[in-house]
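What's in input_27.tsv: TSV, N, CA and C atoms
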chain	number	residue	atom	x	y	z
X	732	MET	N	29.77	27.05	-9.41
X	732	MET	CA	29.29	28.33	-8.91
X	732	MET	C	28.49	29.08	-9.97
X	733	LEU	N	28.87	28.92	-11.22
X	733	LEU	CA	28.15	29.56	-12.31
X	733	LEU	C	26.71	29.05	-12.39
X	734	ALA	N	26.53	27.76	-12.16
X	734	ALA	CA	25.17	27.19	-12.21
X	734	ALA	C	24.28	27.81	-11.14
X	735	VAL	N	24.83	28.07	-9.95
X	735	VAL	CA	24.06	28.70	-8.88
X	735	VAL	C	23.69	30.13	-9.28
X	736	LEU	N	24.63	30.86	-9.82
X	736	LEU	CA	24.36	32.23	-10.25
X	736	LEU	C	23.29	32.27	-11.34
X	737	ILE	N	23.38	31.37	-12.29
X	737	ILE	CA	22.38	31.31	-13.36
X	737	ILE	C	21.02	30.92	-12.78
X	738	GLY	N	21.00	30.01	-11.81
X	738	GLY	CA	19.74	29.64	-11.16
X	738	GLY	C	19.11	30.81	-10.42
X	739	ILE	N	19.92	31.58	-9.71
X	739	ILE	CA	19.42	32.76	-8.99
X	739	ILE	C	18.85	33.78	-9.98
X	740	ILE	N	19.60	34.04	-11.03
X	740	ILE	CA	19.14	35.01	-12.03
X	740	ILE	C	17.85	34.52	-12.70
X	741	THR	N	17.78	33.25	-13.02
X	741	THR	CA	16.58	32.70	-13.63
X	741	THR	C	15.39	32.80	-12.68
X	742	GLY	N	15.61	32.51	-11.40
X	742	GLY	CA	14.53	32.65	-10.42
X	742	GLY	C	14.02	34.08	-10.34
X	743	ILE	N	14.92	35.04	-10.35
X	743	ILE	CA	14.54	36.46	-10.31
X	743	ILE	C	13.78	36.84	-11.58
X	744	ILE	N	14.23	36.35	-12.72
X	744	ILE	CA	13.53	36.63	-13.98
X	744	ILE	C	12.12	36.05	-13.94
X	745	ILE	N	11.96	34.84	-13.42
X	745	ILE	CA	10.63	34.24	-13.30
X	745	ILE	C	9.74	35.10	-12.41
X	746	ILE	N	10.26	35.51	-11.26
X	746	ILE	CA	9.49	36.34	-10.33
X	746	ILE	C	9.05	37.64	-10.99
X	747	PHE	N	9.96	38.34	-11.65
X	747	PHE	CA	9.61	39.60	-12.31
X	747	PHE	C	8.66	39.37	-13.48
X	748	SER	N	8.86	38.28	-14.23
X	748	SER	CA	7.98	37.99	-15.36
X	748	SER	C	6.55	37.76	-14.90
X	749	ILE	N	6.39	37.01	-13.83
X	749	ILE	CA	5.05	36.77	-13.29
X	749	ILE	C	4.47	38.05	-12.71
X	750	GLY	N	5.30	38.88	-12.09
X	750	GLY	CA	4.85	40.13	-11.50
X	750	GLY	C	4.39	41.16	-12.51
X	751	ILE	N	4.92	41.11	-13.73
X	751	ILE	CA	4.57	42.09	-14.76
X	751	ILE	C	3.09	41.97	-15.14
X	752	PHE	N	2.60	40.76	-15.20
X	752	PHE	CA	1.24	40.53	-15.64
X	752	PHE	C	0.29	40.54	-14.44
X	753	LYS	N	-0.31	41.68	-14.20
X	753	LYS	CA	-1.16	41.88	-13.02
X	753	LYS	C	-2.41	40.99	-13.06
X	754	GLN	N	-2.87	40.63	-14.25
X	754	GLN	CA	-4.09	39.86	-14.35
X	754	GLN	C	-3.88	38.36	-14.08
X	755	LEU	N	-2.63	37.92	-13.99
X	755	LEU	CA	-2.37	36.51	-13.71
X	755	LEU	C	-2.76	36.15	-12.28
X	756	HIS	N	-3.25	34.95	-12.14
X	756	HIS	CA	-3.51	34.41	-10.81
X	756	HIS	C	-2.18	33.83	-10.32
X	757	LYS	N	-1.44	34.63	-9.55
X	757	LYS	CA	-0.07	34.28	-9.19
X	757	LYS	C	0.04	32.94	-8.46
X	758	LEU	N	-0.91	32.66	-7.60
X	758	LEU	CA	-0.90	31.38	-6.88
X	758	LEU	C	-0.94	30.21	-7.86
X	759	ALA	N	-1.79	30.32	-8.87
X	759	ALA	CA	-1.90	29.26	-9.86
X	759	ALA	C	-0.63	29.14	-10.69
X	760	VAL	N	-0.05	30.27	-11.08
X	760	VAL	CA	1.15	30.23	-11.91
X	760	VAL	C	2.32	29.61	-11.15
X	761	TYR	N	2.52	30.03	-9.90
X	761	TYR	CA	3.61	29.43	-9.11
X	761	TYR	C	3.35	27.94	-8.86
X	762	SER	N	2.10	27.56	-8.74
X	762	SER	CA	1.77	26.14	-8.60
X	762	SER	C	2.12	25.37	-9.87
X	763	LEU	N	1.81	25.96	-11.02
X	763	LEU	CA	2.14	25.31	-12.29
X	763	LEU	C	3.65	25.15	-12.46
X	764	VAL	N	4.40	26.17	-12.07
X	764	VAL	CA	5.86	26.09	-12.16
X	764	VAL	C	6.38	24.97	-11.26
X	765	LEU	N	5.87	24.89	-10.03
X	765	LEU	CA	6.30	23.84	-9.11
X	765	LEU	C	5.98	22.46	-9.68
X	766	ALA	N	4.79	22.31	-10.21
X	766	ALA	CA	4.41	21.02	-10.80
X	766	ALA	C	5.30	20.69	-12.00
X	767	GLY	N	5.58	21.70	-12.82
X	767	GLY	CA	6.40	21.47	-14.01
X	767	GLY	C	7.82	21.07	-13.72
X	768	ILE	N	8.44	21.72	-12.72
X	768	ILE	CA	9.84	21.38	-12.44
X	768	ILE	C	9.98	19.97	-11.90
X	769	GLY	N	8.93	19.47	-11.26
X	769	GLY	CA	8.98	18.08	-10.80
X	769	GLY	C	9.04	17.09	-11.95
X	770	PHE	N	8.42	17.45	-13.06
X	770	PHE	CA	8.36	16.54	-14.20
X	770	PHE	C	9.57	16.63	-15.13
X	771	LEU	N	10.51	17.51	-14.83
X	771	LEU	CA	11.74	17.53	-15.63
X	771	LEU	C	12.57	16.27	-15.39
X	772	TYR	N	12.61	15.83	-14.13
X	772	TYR	CA	13.44	14.67	-13.80
X	772	TYR	C	13.03	13.40	-14.55
X	773	PRO	N	11.75	13.04	-14.63
X	773	PRO	CA	11.41	11.85	-15.42
X	773	PRO	C	11.85	11.99	-16.88
X	774	GLY	N	11.81	13.21	-17.39
X	774	GLY	CA	12.28	13.42	-18.76
X	774	GLY	C	13.76	13.16	-18.94
X	775	PHE	N	14.53	13.44	-17.89
X	775	PHE	CA	15.96	13.17	-17.94
X	775	PHE	C	16.27	11.68	-17.79
X	776	THR	N	15.40	10.95	-17.11
X	776	THR	CA	15.76	9.60	-16.66
X	776	THR	C	14.96	8.49	-17.34
X	777	TRP	N	14.28	8.75	-18.42
X	777	TRP	CA	13.43	7.75	-19.04
X	777	TRP	C	14.18	6.50	-19.48
X	778	SER	N	15.49	6.59	-19.67
X	778	SER	CA	16.26	5.43	-20.13
X	778	SER	C	16.69	4.50	-19.00
X	779	ASP	N	16.47	4.88	-17.76
X	779	ASP	CA	16.82	4.06	-16.59
X	779	ASP	C	15.53	3.81	-15.82
X	780	SER	N	15.01	2.58	-15.89
X	780	SER	CA	13.68	2.31	-15.33
X	780	SER	C	13.59	2.57	-13.83
X	781	GLN	N	14.62	2.24	-13.06
X	781	GLN	CA	14.58	2.50	-11.62
X	781	GLN	C	14.56	4.01	-11.33
X	782	ALA	N	15.44	4.74	-11.98
X	782	ALA	CA	15.48	6.20	-11.79
X	782	ALA	C	14.19	6.83	-12.29
X	783	PHE	N	13.65	6.32	-13.39
X	783	PHE	CA	12.40	6.84	-13.93
X	783	PHE	C	11.26	6.66	-12.93
X	784	LEU	N	11.20	5.50	-12.30
X	784	LEU	CA	10.15	5.24	-11.31
X	784	LEU	C	10.28	6.18	-10.12
X	785	ILE	N	11.48	6.31	-9.59
X	785	ILE	CA	11.72	7.22	-8.45
X	785	ILE	C	11.34	8.65	-8.82
X	786	ASN	N	11.74	9.08	-10.00
X	786	ASN	CA	11.46	10.44	-10.42
X	786	ASN	C	10.00	10.67	-10.77
X	787	SER	N	9.33	9.65	-11.24
X	787	SER	CA	7.90	9.78	-11.50
X	787	SER	C	7.14	9.94	-10.19
X	788	ILE	N	7.55	9.22	-9.17
X	788	ILE	CA	6.91	9.34	-7.85
X	788	ILE	C	7.12	10.75	-7.30
X	789	GLN	N	8.35	11.27	-7.39
X	789	GLN	CA	8.59	12.62	-6.88
X	789	GLN	C	7.82	13.64	-7.70
X	790	ALA	N	7.68	13.43	-9.01
X	790	ALA	CA	6.94	14.37	-9.85
X	790	ALA	C	5.46	14.43	-9.45
X	791	VAL	N	4.88	13.28	-9.20
X	791	VAL	CA	3.47	13.24	-8.76
X	791	VAL	C	3.35	13.88	-7.38
X	792	PHE	N	4.31	13.64	-6.50
X	792	PHE	CA	4.30	14.27	-5.18
X	792	PHE	C	4.27	15.80	-5.32
X	793	PHE	N	5.14	16.36	-6.16
X	793	PHE	CA	5.18	17.81	-6.30
X	793	PHE	C	3.95	18.34	-7.05
X	794	LEU	N	3.37	17.56	-7.93
X	794	LEU	CA	2.12	17.94	-8.57
X	794	LEU	C	1.01	18.06	-7.52
X	795	LEU	N	0.91	17.06	-6.65
X	795	LEU	CA	-0.11	17.09	-5.59
X	795	LEU	C	0.15	18.22	-4.59
X	796	LEU	N	1.41	18.45	-4.27
X	796	LEU	CA	1.76	19.55	-3.37
X	796	LEU	C	1.41	20.90	-4.01
X	797	ALA	N	1.64	21.02	-5.29
X	797	ALA	CA	1.28	22.26	-6.00
X	797	ALA	C	-0.23	22.47	-5.98
X	798	TYR	N	-0.97	21.41	-6.20
X	798	TYR	CA	-2.44	21.51	-6.14
X	798	TYR	C	-2.90	21.90	-4.73
X	799	TYR	N	-2.32	21.29	-3.74
X	799	TYR	CA	-2.64	21.61	-2.35
X	799	TYR	C	-2.28	23.07	-2.05
X	800	GLY	N	-1.19	23.54	-2.63
X	800	GLY	CA	-0.78	24.93	-2.45
X	800	GLY	C	-1.80	25.91	-3.00
X	801	ILE	N	-2.46	25.56	-4.10
X	801	ILE	CA	-3.52	26.42	-4.62
X	801	ILE	C	-4.65	26.52	-3.61
X	802	GLN	N	-4.93	25.41	-2.93
X	802	GLN	CA	-6.03	25.39	-1.96
X	802	GLN	C	-5.67	26.13	-0.68
X	803	LYS	N	-4.42	26.00	-0.22
X	803	LYS	CA	-4.05	26.50	1.11
X	803	LYS	C	-3.22	27.77	1.12
X	804	GLY	N	-2.51	28.08	0.04
X	804	GLY	CA	-1.82	29.35	0.00
X	804	GLY	C	-0.33	29.29	-0.27
X	805	LEU	N	0.24	30.49	-0.26
X	805	LEU	CA	1.65	30.69	-0.63
X	805	LEU	C	2.63	29.94	0.28
X	806	HIS	N	2.32	29.81	1.56
X	806	HIS	CA	3.26	29.14	2.46
X	806	HIS	C	3.43	27.67	2.08
X	807	ILE	N	2.37	27.03	1.60
X	807	ILE	CA	2.49	25.63	1.15
X	807	ILE	C	3.34	25.56	-0.12
X	808	LEU	N	3.14	26.50	-1.03
X	808	LEU	CA	3.96	26.53	-2.24
X	808	LEU	C	5.43	26.78	-1.89
X	809	ALA	N	5.68	27.68	-0.94
X	809	ALA	CA	7.06	27.93	-0.51
X	809	ALA	C	7.69	26.65	0.02
X	810	ILE	N	6.94	25.93	0.84
X	810	ILE	CA	7.44	24.65	1.35
X	810	ILE	C	7.75	23.71	0.18
X	811	GLY	N	6.87	23.70	-0.82
X	811	GLY	CA	7.10	22.86	-2.00
X	811	GLY	C	8.38	23.21	-2.73
X	812	TYR	N	8.63	24.49	-2.90
X	812	TYR	CA	9.87	24.91	-3.57
X	812	TYR	C	11.10	24.55	-2.73
X	813	PHE	N	11.01	24.74	-1.41
X	813	PHE	CA	12.15	24.36	-0.56
X	813	PHE	C	12.39	22.86	-0.61
X	814	LEU	N	11.30	22.08	-0.56
X	814	LEU	CA	11.45	20.62	-0.64
X	814	LEU	C	12.05	20.20	-1.98
X	815	HIS	N	11.63	20.87	-3.05
X	815	HIS	CA	12.20	20.51	-4.35
X	815	HIS	C	13.68	20.89	-4.42
X	816	GLY	N	14.05	22.01	-3.81
X	816	GLY	CA	15.46	22.38	-3.76
X	816	GLY	C	16.29	21.36	-2.99
X	817	ILE	N	15.71	20.86	-1.90
X	817	ILE	CA	16.40	19.82	-1.12
X	817	ILE	C	16.49	18.54	-1.94
X	818	TRP	N	15.41	18.21	-2.67
X	818	TRP	CA	15.43	17.04	-3.56
X	818	TRP	C	16.58	17.17	-4.56
X	819	ASP	N	16.72	18.35	-5.14
X	819	ASP	CA	17.81	18.57	-6.10
X	819	ASP	C	19.17	18.28	-5.48
X	820	LEU	N	19.38	18.78	-4.28
X	820	LEU	CA	20.69	18.62	-3.63
X	820	LEU	C	20.95	17.20	-3.16
X	821	LEU	N	19.90	16.46	-2.82
X	821	LEU	CA	20.06	15.09	-2.31
X	821	LEU	C	19.75	14.02	-3.34
X	822	TYR	N	19.51	14.42	-4.57
X	822	TYR	CA	19.12	13.48	-5.62
X	822	TYR	C	20.08	12.30	-5.75
X	823	HIS	N	21.36	12.58	-5.64
X	823	HIS	CA	22.37	11.53	-5.82
X	823	HIS	C	22.22	10.40	-4.80
X	824	LEU	N	21.50	10.61	-3.72
X	824	LEU	CA	21.27	9.55	-2.72
X	824	LEU	C	20.18	8.57	-3.16
X	825	PHE	N	19.34	8.99	-4.11
X	825	PHE	CA	18.20	8.18	-4.52
X	825	PHE	C	18.39	7.49	-5.86
X	826	ALA	N	19.15	8.10	-6.75
X	826	ALA	CA	19.31	7.54	-8.09
X	826	ALA	C	20.65	8.00	-8.67
X	827	ASP	N	20.99	7.40	-9.78
X	827	ASP	CA	22.24	7.72	-10.47
X	827	ASP	C	22.18	9.15	-11.00
X	828	SER	N	22.99	10.03	-10.45
X	828	SER	CA	22.95	11.43	-10.86
X	828	SER	C	23.72	11.70	-12.14
X	829	SER	N	24.38	10.69	-12.68
X	829	SER	CA	25.13	10.91	-13.93
X	829	SER	C	24.20	11.08	-15.13
X	830	ILE	N	22.94	10.70	-14.99
X	830	ILE	CA	22.02	10.85	-16.12
X	830	ILE	C	21.30	12.21	-16.11
X	831	ILE	N	21.55	12.99	-15.05
X	831	ILE	CA	21.02	14.35	-14.97
X	831	ILE	C	22.08	15.28	-15.56
X	832	PRO	N	21.67	16.35	-16.24
X	832	PRO	CA	22.69	17.26	-16.80
X	832	PRO	C	23.66	17.75	-15.73
X	833	PRO	N	24.92	17.94	-16.10
X	833	PRO	CA	25.92	18.40	-15.13
X	833	PRO	C	25.51	19.73	-14.49
X	834	GLN	N	25.69	19.83	-13.22
X	834	GLN	CA	25.41	21.01	-12.41
X	834	GLN	C	23.93	21.40	-12.38
X	835	TYR	N	23.07	20.49	-12.82
X	835	TYR	CA	21.63	20.78	-12.79
X	835	TYR	C	21.13	20.96	-11.36
X	836	ALA	N	21.65	20.15	-10.43
X	836	ALA	CA	21.20	20.24	-9.04
X	836	ALA	C	21.49	21.62	-8.46
X	837	GLN	N	22.65	22.16	-8.72
X	837	GLN	CA	23.00	23.48	-8.21
X	837	GLN	C	22.12	24.56	-8.84
X	838	PHE	N	21.91	24.46	-10.14
X	838	PHE	CA	21.07	25.43	-10.85
X	838	PHE	C	19.64	25.38	-10.30
X	839	CYS	N	19.05	24.20	-10.30
X	839	CYS	CA	17.64	24.08	-9.95
X	839	CYS	C	17.39	24.39	-8.47
X	840	SER	N	18.27	23.94	-7.59
X	840	SER	CA	18.05	24.21	-6.17
X	840	SER	C	18.14	25.70	-5.87
X	841	SER	N	19.07	26.41	-6.51
X	841	SER	CA	19.17	27.86	-6.27
X	841	SER	C	17.92	28.56	-6.79
X	842	LEU	N	17.41	28.15	-7.94
X	842	LEU	CA	16.17	28.70	-8.46
X	842	LEU	C	15.01	28.42	-7.50
X	843	ASP	N	14.92	27.18	-7.03
X	843	ASP	CA	13.85	26.79	-6.11
X	843	ASP	C	13.89	27.62	-4.83
X	844	PHE	N	15.07	27.79	-4.26
X	844	PHE	CA	15.19	28.53	-3.00
X	844	PHE	C	14.85	30.01	-3.19
X	845	ILE	N	15.26	30.60	-4.31
X	845	ILE	CA	14.93	32.01	-4.57
X	845	ILE	C	13.41	32.18	-4.63
X	846	ILE	N	12.73	31.32	-5.39
X	846	ILE	CA	11.27	31.43	-5.49
X	846	ILE	C	10.62	31.12	-4.15
X	847	GLY	N	11.12	30.13	-3.42
X	847	GLY	CA	10.57	29.80	-2.11
X	847	GLY	C	10.65	30.97	-1.14
X	848	PHE	N	11.81	31.63	-1.09
X	848	PHE	CA	11.96	32.79	-0.21
X	848	PHE	C	11.05	33.94	-0.66
X	849	TYR	N	10.91	34.12	-1.96
X	849	TYR	CA	10.04	35.18	-2.45
X	849	TYR	C	8.58	34.91	-2.05
X	850	LEU	N	8.16	33.66	-2.15
X	850	LEU	CA	6.78	33.33	-1.77
X	850	LEU	C	6.56	33.55	-0.27
X	851	LEU	N	7.56	33.24	0.53
X	851	LEU	CA	7.44	33.54	1.96
X	851	LEU	C	7.37	35.05	2.19
X	852	TYR	N	8.15	35.80	1.45
X	852	TYR	CA	8.09	37.26	1.54
X	852	TYR	C	6.68	37.75	1.21
X	853	LEU	N	6.13	37.25	0.10
X	853	LEU	CA	4.77	37.66	-0.27
X	853	LEU	C	3.76	37.31	0.82
X	854	ARG	N	3.91	36.13	1.36
X	854	ARG	CA	2.95	35.63	2.34
X	854	ARG	C	3.02	36.38	3.66
X	855	TYR	N	4.22	36.68	4.13
X	855	TYR	CA	4.36	37.21	5.49
X	855	TYR	C	4.73	38.68	5.58
X	856	PHE	N	5.27	39.28	4.53
X	856	PHE	CA	5.77	40.64	4.66
X	856	PHE	C	5.16	41.64	3.69
X	857	LYS	N	4.56	41.17	2.63
X	857	LYS	CA	3.98	42.10	1.64
X	857	LYS	C	2.58	42.46	2.09
X	858	PHE	N	2.33	43.73	2.17
X	858	PHE	CA	1.03	44.20	2.64
X	858	PHE	C	0.17	44.68	1.51

Let me see the file written as structure tokens.
Amino acid sequence: MLAVLIGIITGIIIIFSIGIFKQLHKLAVYSLVLAGIGFLYPGFTWSDSQAFLINSIQAVFFLLLAYYGIQKGLHILAIGYFLHGIWDLLYHLFADSSIIPPQYAQFCSSLDFIIGFYLLYLRYFKF
């Protein structure tokens, strides 16, 4: 439960940090964050070739989704964050989760969902 709380707090800190700098291109920054979080998994799994391959494929997928999000908008990025949160929670079905830091899935998925909901808020409710 602590990992979820830390993930939520970290997500909120990221949102406020990006919001402080008015000159930032927010769409690009959120895209960069989405692309970056996808590449954490290959870094964790470089010692297991099968897990590394699976994680490299997912990292490229989220990189391409982040790029597409820059082209199409916040709703695509929100989908990307939700998909990455689902990836975090279902990771153990695809590869050995013992090589990922303990409770990383709970931390990262809560962070992903917080940012995803915020992007939907920006897209549909912020005027």

Assuming 5 Å of padding per side, give the centre and edge lengths of the axis-aligned box around every listed atom of region 788-792 of chain X, in Å to one decimal and as AutoDock Vina command-line options.
--center_x 6.0 --center_y 12.5 --center_z -7.5 --size_x 15.2 --size_y 16.6 --size_z 14.7

Residues within 9 Å of Gly811 (chain X), only C-alpha atoms, excluding chain neighbours under 3 positions, as a ChimeraX atom specification: /X:765,793,796-797,800,806-808,814-816,843,847

Who sits within 7 Å of Ile845 (chain X), all atoms listed in the file, same chain under 6 positions skipped, as number ranges by chain: X: 739, 742-743

Next, write the just-selected residues to a file, as a compact mmCIF listing (two decimals), in the coordinates of the input, keeping N, CA and C atoms as the atom set.
# COMPACT_ATOMS: atom_id res chain seq x y z
N ILE X 739 19.92 31.58 -9.71
CA ILE X 739 19.42 32.76 -8.99
C ILE X 739 18.85 33.78 -9.98
N GLY X 742 15.61 32.51 -11.40
CA GLY X 742 14.53 32.65 -10.42
C GLY X 742 14.02 34.08 -10.34
N ILE X 743 14.92 35.04 -10.35
CA ILE X 743 14.54 36.46 -10.31
C ILE X 743 13.78 36.84 -11.58

Ala836 (chain X) environment, 8 Å, all atoms listed in the file, sequence neighbours closer than 6 positions dropped, as a ChimeraX atom specification: /X:734-735,816,818-822,842

Among listed residues X:Ala782, X:Ile817, X:Leu824, X:Ile746, nearest Cys839 (chain X) (using only N, CA and C atoms): X:Ile817

Nearby residues, (25.8, 22.9, -11.2) file frame, 8 Å, only C-alpha atoms, as a PyMOL selection string: chain X and resi 732-735+833-838

Next, the residues of the selection above should be written as a compact mmCIF listing (two decimals), in the frame of the given file with N, CA and C atoms.
# COMPACT_ATOMS: atom_id res chain seq x y z
N MET X 732 29.77 27.05 -9.41
CA MET X 732 29.29 28.33 -8.91
C MET X 732 28.49 29.08 -9.97
N LEU X 733 28.87 28.92 -11.22
CA LEU X 733 28.15 29.56 -12.31
C LEU X 733 26.71 29.05 -12.39
N ALA X 734 26.53 27.76 -12.16
CA ALA X 734 25.17 27.19 -12.21
C ALA X 734 24.28 27.81 -11.14
N VAL X 735 24.83 28.07 -9.95
CA VAL X 735 24.06 28.70 -8.88
C VAL X 735 23.69 30.13 -9.28
N PRO X 833 24.92 17.94 -16.10
CA PRO X 833 25.92 18.40 -15.13
C PRO X 833 25.51 19.73 -14.49
N GLN X 834 25.69 19.83 -13.22
CA GLN X 834 25.41 21.01 -12.41
C GLN X 834 23.93 21.40 -12.38
N TYR X 835 23.07 20.49 -12.82
CA TYR X 835 21.63 20.78 -12.79
C TYR X 835 21.13 20.96 -11.36
N ALA X 836 21.65 20.15 -10.43
CA ALA X 836 21.20 20.24 -9.04
C ALA X 836 21.49 21.62 -8.46
N GLN X 837 22.65 22.16 -8.72
CA GLN X 837 23.00 23.48 -8.21
C GLN X 837 22.12 24.56 -8.84
N PHE X 838 21.91 24.46 -10.14
CA PHE X 838 21.07 25.43 -10.85
C PHE X 838 19.64 25.38 -10.30

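The two atoms in question, atom N of Ala809 (chain X) and atom N of Leu763 (chain X), are spaced 10.9 Å apart.
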
Backbone-only DSSP, helix (DSSP H, G or I) members of chain X, as a PyMOL selection string: chain X and resi 733-751+757-769+771-776+780-803+805-824+828-830+835-855

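Candidate residues X:Ile768, X:Leu851, X:Leu784, X:Ile737 were compared for distance to Phe825 (chain X), and the nearest is X:Leu784, using only C-alpha atoms.
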
Residue neighbourhood Ile830 (chain X), 8 Å, all atoms listed in the file, exclusion window fewer than 4 positions, as a list of chain:residue names: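 These residues fall inside the cut-off: X:Phe775, X:Thr776, X:Ala826.
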
Complete region 811-826 of chain X with N, CA, C and O atoms (output as a compact mmCIF listing (two decimals), in the coordinates of the input).
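Saved result, part-v4.txt, follows:
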# COMPACT_ATOMS: atom_id res chain seq x y z
N GLY X 811 6.87 23.70 -0.82
CA GLY X 811 7.10 22.86 -2.00
C GLY X 811 8.38 23.21 -2.73
O GLY X 811 9.16 22.33 -3.11
N TYR X 812 8.63 24.49 -2.90
CA TYR X 812 9.87 24.91 -3.57
C TYR X 812 11.10 24.55 -2.73
O TYR X 812 12.12 24.10 -3.27
N PHE X 813 11.01 24.74 -1.41
CA PHE X 813 12.15 24.36 -0.56
C PHE X 813 12.39 22.86 -0.61
O PHE X 813 13.53 22.41 -0.69
N LEU X 814 11.30 22.08 -0.56
CA LEU X 814 11.45 20.62 -0.64
C LEU X 814 12.05 20.20 -1.98
O LEU X 814 12.88 19.29 -2.04
N HIS X 815 11.63 20.87 -3.05
CA HIS X 815 12.20 20.51 -4.35
C HIS X 815 13.68 20.89 -4.42
O HIS X 815 14.48 20.16 -5.01
N GLY X 816 14.05 22.01 -3.81
CA GLY X 816 15.46 22.38 -3.76
C GLY X 816 16.29 21.36 -2.99
O GLY X 816 17.41 21.02 -3.38
N ILE X 817 15.71 20.86 -1.90
CA ILE X 817 16.40 19.82 -1.12
C ILE X 817 16.49 18.54 -1.94
O ILE X 817 17.52 17.86 -1.95
N TRP X 818 15.41 18.21 -2.67
CA TRP X 818 15.43 17.04 -3.56
C TRP X 818 16.58 17.17 -4.56
O TRP X 818 17.31 16.21 -4.80
N ASP X 819 16.72 18.35 -5.14
CA ASP X 819 17.81 18.57 -6.10
C ASP X 819 19.17 18.28 -5.48
O ASP X 819 20.01 17.62 -6.10
N LEU X 820 19.38 18.78 -4.28
CA LEU X 820 20.69 18.62 -3.63
C LEU X 820 20.95 17.20 -3.16
O LEU X 820 22.10 16.77 -3.09
N LEU X 821 19.90 16.46 -2.82
CA LEU X 821 20.06 15.09 -2.31
C LEU X 821 19.75 14.02 -3.34
O LEU X 821 19.74 12.84 -3.02
N TYR X 822 19.51 14.42 -4.57
CA TYR X 822 19.12 13.48 -5.62
C TYR X 822 20.08 12.30 -5.75
O TYR X 822 19.66 11.17 -5.93
N HIS X 823 21.36 12.58 -5.64
CA HIS X 823 22.37 11.53 -5.82
C HIS X 823 22.22 10.40 -4.80
O HIS X 823 22.74 9.30 -5.01
N LEU X 824 21.50 10.61 -3.72
CA LEU X 824 21.27 9.55 -2.72
C LEU X 824 20.18 8.57 -3.16
O LEU X 824 20.11 7.47 -2.64
N PHE X 825 19.34 8.99 -4.11
CA PHE X 825 18.20 8.18 -4.52
C PHE X 825 18.39 7.49 -5.86
O PHE X 825 17.82 6.44 -6.11
N ALA X 826 19.15 8.10 -6.75
CA ALA X 826 19.31 7.54 -8.09
C ALA X 826 20.65 8.00 -8.67
O ALA X 826 21.31 8.88 -8.12
